[in-house]
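Visitor: My questions all concern the structure below.
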Amino acid sequence: VAAEKEGHKHFMHKEIFEQPRAVADTIRGRISLEQGDVVLDGIELSEAQARGLERLVVVACGTSWHAGCSGAQMIEALARLPTEVELASEFRYSDPIVGPRTLVVAISQSGETADTLAAVKEAKRRGAPAIAICNVVGSAIPRECAEAKEPGAPRGTLYTHAGPEIGVASTKAFTTQLAALFLLAVRLGRLRGTLAADAARTHLEALRQVPLWMDQVIRQEPSVMPVAKRCAQARDVLFLGRGAQYPVALEGALKLKEISYIHAEGYAAGEMKHGPIALIDEALPVVVLATKEPAYEKTLGNMEEVRARGGLVFAVVSEGDTLAAGLAEVALTVPHAPPLLAPLLSILPLQFLAYHVADLKGTDVDQPRNLAKSVTVE
Ligand code: G6P
């Protein structure tokens, strides 16, 4: 087993390092820069079907649900298709309003999560076409999505090709899901005529840079140690982000609680004033995702508010942004990427943070208590 870890202390650490390669594998062979388009191998969806869609509903659990939250922003931005993201365990019992003009997209690393599979079946039963984004080839959800209820309706699976993920805390599955969702968003945008070839090309060129940018972030692993040491002492940690970084805040908090057993909460930065601000004191580390984005100044305002109350601010900031860095105790930098792709980079320092806090605390990083890699029962 030690050999399989290739010199890493834990599978999770190895899998964090594998992300540039994994994301490159997700996008390989799927981008046509000449056409300014994407080939979604495995998915059947015609132009007429894409144009006829009224809505898209993502169903997923856990980390895959966070990827869906990010993906919804990509799809709405590039394909102008109203998108909802549902927890599969809620969707299946919610008497969901879906039909032939709703495309259901199931996201699952394992392809075996019972709630997500049941959500797909429920959607199909109500006449909605379903496709999947999955890592494990031939698993239950891709099998369910292989056949459409109505002949000729959209169907199929876009595989992420992340390779086996052993650590229970999902890392490379998440970033490859984001890359796959970005591909889906571009393709939907092209099919629906909301995204011109030139604009698509610019987006796809940026996506191709992601593995290189990820490498740069991974090289900065040591800079996370002072933050990890401080968070390892904490009882609670708050993660704040807005826009594209809101799902990252949720995922950063989930990573930390899963493997370090420290209570963590992810919150939309703009909502801080409606609750979490009451918790802020010198004992509460606040990790702020403060990369340069449309409402970035507002996030700087949040950092000032935390500081004014004696709170301890750690931040993920865009490279060269001394203003945001100046408001943080420790700033972790990421290359500047277009906002929709920023989550693929800003999650990396948070994965390292969770990993090192857990390692400092000596928990079982790859096999956290009470958690399973794949939850095949309800
Ligand atoms: C479990 C795992 C999580 C995962 C979730 C959904 O809770 O521990 O890491 O995000 O299931 O799994 P899936 O395989 O459907 O993505």
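Please note that chains go A, B, ... in the order of the structure tokens, that every chain numbers its residues from 1, and that ligands are numbered from 1 in the order shown.
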May I have the residues within 8 Å of Arg187 in chain A as number ranges by chain, using only C-alpha atoms and disregarding those fewer than 5 positions away in the same chain?
Guide: A: 37-40
Visitor: Write a file of the just-selected residues containing N, CA and C atoms, as a compact mmCIF listing (two decimals), in the first residue's frame.
Guide:
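Output file selection-v7.txt follows:
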```txt
# COMPACT_ATOMS: atom_id res chain seq x y z
N ASP A 37 -15.39 24.89 -29.92
CA ASP A 37 -16.45 24.02 -29.40
C ASP A 37 -15.86 22.84 -28.63
N VAL A 38 -16.77 22.04 -28.10
CA VAL A 38 -16.40 20.93 -27.23
C VAL A 38 -17.06 19.67 -27.77
N VAL A 39 -16.35 18.57 -27.67
CA VAL A 39 -16.92 17.27 -28.03
C VAL A 39 -17.27 16.56 -26.72
N LEU A 40 -18.55 16.36 -26.48
CA LEU A 40 -18.97 15.66 -25.26
C LEU A 40 -19.13 14.18 -25.59
```
Visitor: Once you count only C-alpha atoms and all ligand atoms, which residues end up within 6 Å of ligand 1, and could you hand them over as a PyMOL selection string?
Guide: chain A and resi 61-64+108-111+113+168-170+371-375
Visitor: Could the residues in this selection be written to a file with N, CA and C atoms, as a PDB file, in the first residue's frame?
Guide:
```pdb
ATOM      1  N   CYS A  61     -24.839  14.623  -4.338  1.00  0.00           N
ATOM      2  CA  CYS A  61     -24.652  14.643  -2.878  1.00  0.00           C
ATOM      3  C   CYS A  61     -23.227  15.079  -2.549  1.00  0.00           C
ATOM      4  N   GLY A  62     -23.074  15.612  -1.359  1.00  0.00           N
ATOM      5  CA  GLY A  62     -21.738  15.876  -0.813  1.00  0.00           C
ATOM      6  C   GLY A  62     -20.917  16.800  -1.693  1.00  0.00           C
ATOM      7  N   THR A  63     -19.670  16.409  -1.884  1.00  0.00           N
ATOM      8  CA  THR A  63     -18.757  17.215  -2.696  1.00  0.00           C
ATOM      9  C   THR A  63     -19.272  17.370  -4.121  1.00  0.00           C
ATOM     10  N   SER A  64     -19.907  16.337  -4.641  1.00  0.00           N
ATOM     11  CA  SER A  64     -20.435  16.418  -6.011  1.00  0.00           C
ATOM     12  C   SER A  64     -21.532  17.485  -6.095  1.00  0.00           C
ATOM     13  N   SER A 108     -21.693  12.393  -9.860  1.00  0.00           N
ATOM     14  CA  SER A 108     -21.287  11.416  -8.846  1.00  0.00           C
ATOM     15  C   SER A 108     -19.910  10.868  -9.163  1.00  0.00           C
ATOM     16  N   GLN A 109     -19.021  10.932  -8.200  1.00  0.00           N
ATOM     17  CA  GLN A 109     -17.701  10.337  -8.380  1.00  0.00           C
ATOM     18  C   GLN A 109     -17.837   8.851  -8.590  1.00  0.00           C
ATOM     19  N   SER A 110     -18.497   8.200  -7.641  1.00  0.00           N
ATOM     20  CA  SER A 110     -18.558   6.731  -7.634  1.00  0.00           C
ATOM     21  C   SER A 110     -19.561   6.179  -8.634  1.00  0.00           C
ATOM     22  N   GLY A 111     -20.590   6.967  -8.908  1.00  0.00           N
ATOM     23  CA  GLY A 111     -21.686   6.471  -9.747  1.00  0.00           C
ATOM     24  C   GLY A 111     -22.573   5.482  -9.019  1.00  0.00           C
ATOM     25  N   THR A 113     -23.897   6.235  -5.609  1.00  0.00           N
ATOM     26  CA  THR A 113     -24.608   6.839  -4.474  1.00  0.00           C
ATOM     27  C   THR A 113     -26.111   6.581  -4.604  1.00  0.00           C
ATOM     28  N   VAL A 168     -11.165   9.161   1.351  1.00  0.00           N
ATOM     29  CA  VAL A 168     -12.608   9.379   1.466  1.00  0.00           C
ATOM     30  C   VAL A 168     -12.952  10.846   1.153  1.00  0.00           C
ATOM     31  N   ALA A 169     -12.100  11.754   1.589  1.00  0.00           N
ATOM     32  CA  ALA A 169     -12.337  13.170   1.292  1.00  0.00           C
ATOM     33  C   ALA A 169     -11.995  13.400  -0.179  1.00  0.00           C
ATOM     34  N   SER A 170     -13.002  13.822  -0.917  1.00  0.00           N
ATOM     35  CA  SER A 170     -12.855  13.954  -2.366  1.00  0.00           C
ATOM     36  C   SER A 170     -12.026  15.186  -2.736  1.00  0.00           C
ATOM     37  N   LEU A 371     -17.423   7.927   8.057  1.00  0.00           N
ATOM     38  CA  LEU A 371     -17.683   8.290   6.661  1.00  0.00           C
ATOM     39  C   LEU A 371     -17.349   7.125   5.734  1.00  0.00           C
ATOM     40  N   ALA A 372     -18.052   7.098   4.604  1.00  0.00           N
ATOM     41  CA  ALA A 372     -17.771   6.082   3.591  1.00  0.00           C
ATOM     42  C   ALA A 372     -17.456   6.779   2.279  1.00  0.00           C
ATOM     43  N   LYS A 373     -16.642   6.131   1.483  1.00  0.00           N
ATOM     44  CA  LYS A 373     -16.286   6.715   0.183  1.00  0.00           C
ATOM     45  C   LYS A 373     -17.521   6.812  -0.703  1.00  0.00           C
ATOM     46  N   SER A 374     -18.340   5.795  -0.594  1.00  0.00           N
ATOM     47  CA  SER A 374     -19.512   5.795  -1.457  1.00  0.00           C
ATOM     48  C   SER A 374     -20.678   5.270  -0.621  1.00  0.00           C
ATOM     49  N   VAL A 375     -21.773   6.019  -0.612  1.00  0.00           N
ATOM     50  CA  VAL A 375     -22.884   5.684   0.271  1.00  0.00           C
ATOM     51  C   VAL A 375     -23.981   5.021  -0.570  1.00  0.00           C
TER      52      VAL A 375
END
```
Visitor: Apply DSSP to the structure's backbone, then extract all residues of range 124-171 of chain A labelled helix (DSSP H, G or I) and return them as a list in words.
Guide: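 Taking range 124-171 of chain A and keeping helix (DSSP H, G or I) gives Lys124, Arg125, Ala140, Ile141, Pro142, Arg143, Glu144, Cys145 and Ala146 of chain A.
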Visitor: Using only C-alpha atoms, which residue out of A:Thr175, A:Leu188, A:Pro164, A:Phe182 lies closest to Leu204 in chain A?
Guide: A:Phe182
Visitor: Got a sec: who's within 10 Å of Asn135 in chain A, counting only C-alpha atoms, leaving out chain neighbours fewer than 4 positions off, as an MDAnalysis selection string?
Guide: chainID A and resid 26 107:111 139 142 157:165 173 176:177
Visitor: How would the residues just picked look written out with C-alpha atoms as a compact mmCIF listing (two decimals), in the first residue's frame?
Guide:
```
# COMPACT_ATOMS: atom_id res chain seq x y z
CA THR A 26 -10.77 15.35 -18.24
CA ILE A 107 -23.00 14.25 -10.70
CA SER A 108 -21.29 11.42 -8.85
CA GLN A 109 -17.70 10.34 -8.38
CA SER A 110 -18.56 6.73 -7.63
CA GLY A 111 -21.69 6.47 -9.75
CA SER A 139 -21.13 2.19 -12.47
CA PRO A 142 -23.99 5.81 -15.96
CA THR A 157 -22.35 10.00 -19.36
CA LEU A 158 -19.43 12.36 -19.53
CA TYR A 159 -16.63 10.62 -17.65
CA THR A 160 -14.20 12.72 -15.67
CA HIS A 161 -11.22 10.32 -16.05
CA ALA A 162 -9.81 11.39 -12.67
CA GLY A 163 -8.47 7.90 -11.99
CA PRO A 164 -9.23 5.96 -8.79
CA GLU A 165 -9.82 8.17 -5.77
CA ALA A 173 -12.97 14.05 -8.25
CA THR A 176 -12.40 17.16 -12.56
CA GLN A 177 -16.18 17.48 -12.11
```
Visitor: Neighbours of Cys231 in chain A within 12 Å (only C-alpha atoms; same-chain residues fewer than 2 positions away dropped), as a ChimeraX atom specification?
Guide: /A:224-229,233-239,253,256-257,260-264,283-287,312-314,350,353-361
Visitor: Go ahead and save the picked residues with C-alpha atoms, as a short mmCIF file (atom, residue, chain, number, x, y, z; two decimals), in the first residue's frame.
Guide:
```
data_model
loop_
_atom_site.label_atom_id
_atom_site.label_comp_id
_atom_site.auth_asym_id
_atom_site.auth_seq_id
_atom_site.Cartn_x
_atom_site.Cartn_y
_atom_site.Cartn_z
CA VAL A 224 -0.53 26.91 4.20
CA MET A 225 1.30 25.61 7.31
CA PRO A 226 0.93 28.72 9.52
CA VAL A 227 -2.80 28.72 8.75
CA ALA A 228 -3.07 25.00 9.45
CA LYS A 229 -1.30 25.39 12.80
CA GLN A 233 -6.21 24.92 17.69
CA ALA A 234 -9.66 26.20 16.79
CA ARG A 235 -13.02 24.82 17.78
CA ASP A 236 -14.76 26.28 14.75
CA VAL A 237 -13.63 27.74 11.44
CA LEU A 238 -15.72 29.93 9.16
CA PHE A 239 -15.22 29.96 5.38
CA ALA A 253 -15.58 23.79 5.15
CA LEU A 256 -12.02 20.50 7.07
CA LYS A 257 -14.86 18.97 9.07
CA SER A 260 -10.08 17.09 11.09
CA TYR A 261 -13.41 16.86 13.00
CA ILE A 262 -13.29 20.61 13.57
CA HIS A 263 -16.64 22.26 13.15
CA ALA A 264 -16.55 24.36 10.00
CA ALA A 283 -10.84 32.49 18.75
CA LEU A 284 -12.55 32.10 15.37
CA PRO A 285 -10.37 31.78 12.26
CA VAL A 286 -12.17 33.09 9.18
CA VAL A 287 -10.93 31.87 5.83
CA LEU A 312 -8.45 36.28 12.59
CA VAL A 313 -8.54 36.53 8.78
CA PHE A 314 -6.83 34.12 6.45
CA LEU A 350 -8.27 24.72 1.18
CA LEU A 353 -5.42 23.32 4.75
CA ALA A 354 -7.83 20.51 5.68
CA TYR A 355 -5.15 17.92 5.01
CA HIS A 356 -2.51 19.56 7.21
CA VAL A 357 -4.90 20.36 10.04
CA ALA A 358 -5.95 16.70 10.09
CA ASP A 359 -2.35 15.54 9.85
CA LEU A 360 -1.32 17.85 12.71
CA LYS A 361 -4.18 16.47 14.79
#
```
Visitor: Sort by chain and increasing residue number a table of all residues of range 35-54 of chain A within 12 Å of range 72-84 of chain A, each with its closest pair of atoms and their distance in Å to one decimal, counting only C-alpha atoms, and write it as JSON lines.
Guide:
```
{"residue": "A:Ala50", "atom": "CA", "partner": "A:Leu81", "partner_atom": "CA", "distance": 9.5}
{"residue": "A:Arg51", "atom": "CA", "partner": "A:Leu81", "partner_atom": "CA", "distance": 9.4}
{"residue": "A:Gly52", "atom": "CA", "partner": "A:Leu81", "partner_atom": "CA", "distance": 10.4}
{"residue": "A:Leu53", "atom": "CA", "partner": "A:Leu81", "partner_atom": "CA", "distance": 7.7}
{"residue": "A:Glu54", "atom": "CA", "partner": "A:Leu81", "partner_atom": "CA", "distance": 7.0}
```
Visitor: Among the residues of range 167-270 of chain A, find those DSSP assigns to strand (DSSP E or B) from the backbone and print them as a list in words.
Guide: Asp236, Val237, Leu238, Phe239, Leu240, Gly241, His263, Ala264, Glu265, Gly266, Tyr267 and Ala268 of chain A
Visitor: Here is a test: counting only C-alpha atoms, which residue of A:Glu86, A:Ile43, A:Glu282, A:Pro338 is nearest to Arg230 in chain A?
Guide: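 Among A:Glu86, A:Ile43, A:Glu282, A:Pro338, it is A:Glu282 that comes nearest to Arg230 in chain A.
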Visitor: Find the residues around range 322-329 of chain A up to 9 Å (only C-alpha atoms counted), leave out those fewer than 6 positions away in its own chain, and share them as JSON, numbers by chain.
Guide: {"A": [227, 288, 290, 291, 292, 300, 303, 304, 307, 312, 313, 314, 315, 316]}
Visitor: Which residue gives the smallest distance to Ile16 in chain A among A:Val58, A:Val317, A:Ala342, A:Val217, with only C-alpha atoms counted?
Guide: A:Val217
Visitor: Write out as a PDB file with C-alpha atoms, in the first residue's frame the residues lying within 12 Å of Leu340 in chain A, counting only C-alpha atoms and excluding same-chain residues fewer than 3 positions away.
Guide:
```
ATOM      1  CA  ALA A  67     -19.373  20.902  -7.881  1.00  0.00           C
ATOM      2  CA  CYS A  69     -23.382  24.566  -7.368  1.00  0.00           C
ATOM      3  CA  SER A  70     -20.355  25.821  -9.254  1.00  0.00           C
ATOM      4  CA  GLY A  71     -21.453  24.158 -12.487  1.00  0.00           C
ATOM      5  CA  ALA A  72     -24.855  25.846 -12.304  1.00  0.00           C
ATOM      6  CA  GLN A  73     -23.106  29.217 -12.415  1.00  0.00           C
ATOM      7  CA  MET A  74     -21.115  28.100 -15.459  1.00  0.00           C
ATOM      8  CA  ILE A  75     -24.220  26.827 -17.270  1.00  0.00           C
ATOM      9  CA  GLU A  76     -26.287  29.905 -16.504  1.00  0.00           C
ATOM     10  CA  ALA A  77     -23.459  32.219 -17.575  1.00  0.00           C
ATOM     11  CA  LEU A  78     -22.520  30.471 -20.812  1.00  0.00           C
ATOM     12  CA  LEU A 178     -15.737  21.255 -12.336  1.00  0.00           C
ATOM     13  CA  ALA A 179     -13.752  20.847 -15.559  1.00  0.00           C
ATOM     14  CA  LEU A 181     -19.167  20.941 -16.040  1.00  0.00           C
ATOM     15  CA  PHE A 182     -17.280  23.742 -17.749  1.00  0.00           C
ATOM     16  CA  LEU A 183     -17.094  21.629 -20.910  1.00  0.00           C
ATOM     17  CA  ALA A 185     -21.557  24.660 -20.155  1.00  0.00           C
ATOM     18  CA  VAL A 186     -19.532  25.642 -23.231  1.00  0.00           C
ATOM     19  CA  HIS A 203     -13.006  30.151 -22.422  1.00  0.00           C
ATOM     20  CA  LEU A 204     -11.471  26.916 -23.668  1.00  0.00           C
ATOM     21  CA  ALA A 206      -8.328  29.445 -20.261  1.00  0.00           C
ATOM     22  CA  LEU A 207      -9.507  25.941 -19.336  1.00  0.00           C
ATOM     23  CA  VAL A 210      -5.849  25.302 -15.586  1.00  0.00           C
ATOM     24  CA  GLY A 243     -20.189  34.335  -6.465  1.00  0.00           C
ATOM     25  CA  ALA A 244     -18.022  31.618  -7.956  1.00  0.00           C
ATOM     26  CA  GLN A 245     -16.208  31.306  -4.640  1.00  0.00           C
ATOM     27  CA  TYR A 246     -19.296  30.570  -2.556  1.00  0.00           C
ATOM     28  CA  PRO A 247     -19.376  26.868  -3.472  1.00  0.00           C
ATOM     29  CA  VAL A 248     -15.637  26.789  -2.749  1.00  0.00           C
ATOM     30  CA  THR A 291      -9.785  36.509  -5.419  1.00  0.00           C
ATOM     31  CA  LYS A 292     -10.414  39.325  -7.894  1.00  0.00           C
ATOM     32  CA  GLU A 293     -13.943  38.931  -9.089  1.00  0.00           C
ATOM     33  CA  PRO A 294     -16.958  41.096  -9.892  1.00  0.00           C
ATOM     34  CA  HIS A 336      -5.587  35.065 -11.690  1.00  0.00           C
ATOM     35  CA  ALA A 337      -8.110  33.001 -13.646  1.00  0.00           C
ATOM     36  CA  PRO A 343     -12.824  27.552  -8.098  1.00  0.00           C
ATOM     37  CA  LEU A 344     -10.523  24.995  -9.722  1.00  0.00           C
ATOM     38  CA  LEU A 345      -7.591  26.903  -8.243  1.00  0.00           C
ATOM     39  CA  SER A 346      -8.888  28.369  -5.006  1.00  0.00           C
TER      40      SER A 346
END
```
Visitor: Nearest to Gly193 in chain A among A:Val85, A:Gly7, A:His66, A:Glu47, with distances taken over only C-alpha atoms: which residue is it?
Guide: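 Answer, going by the shortest atom-to-atom distance: A:Glu47.
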Visitor: Hey, what's within 9 Å of range 218-222 of chain A if we count only C-alpha atoms and toss same-chain stuff fewer than 4 positions away? As number ranges by chain, please?
Guide: A: 16-17, 213-214, 226, 332-333, 348-349, 352-353
Visitor: Calculated over only C-alpha atoms, which of the candidates A:Gly252, A:Pro96, A:Gly42, A:Gly270 has the smallest distance to Val137 in chain A?
Guide: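 The shortest atom-to-atom distance to Val137 in chain A comes from A:Gly42.
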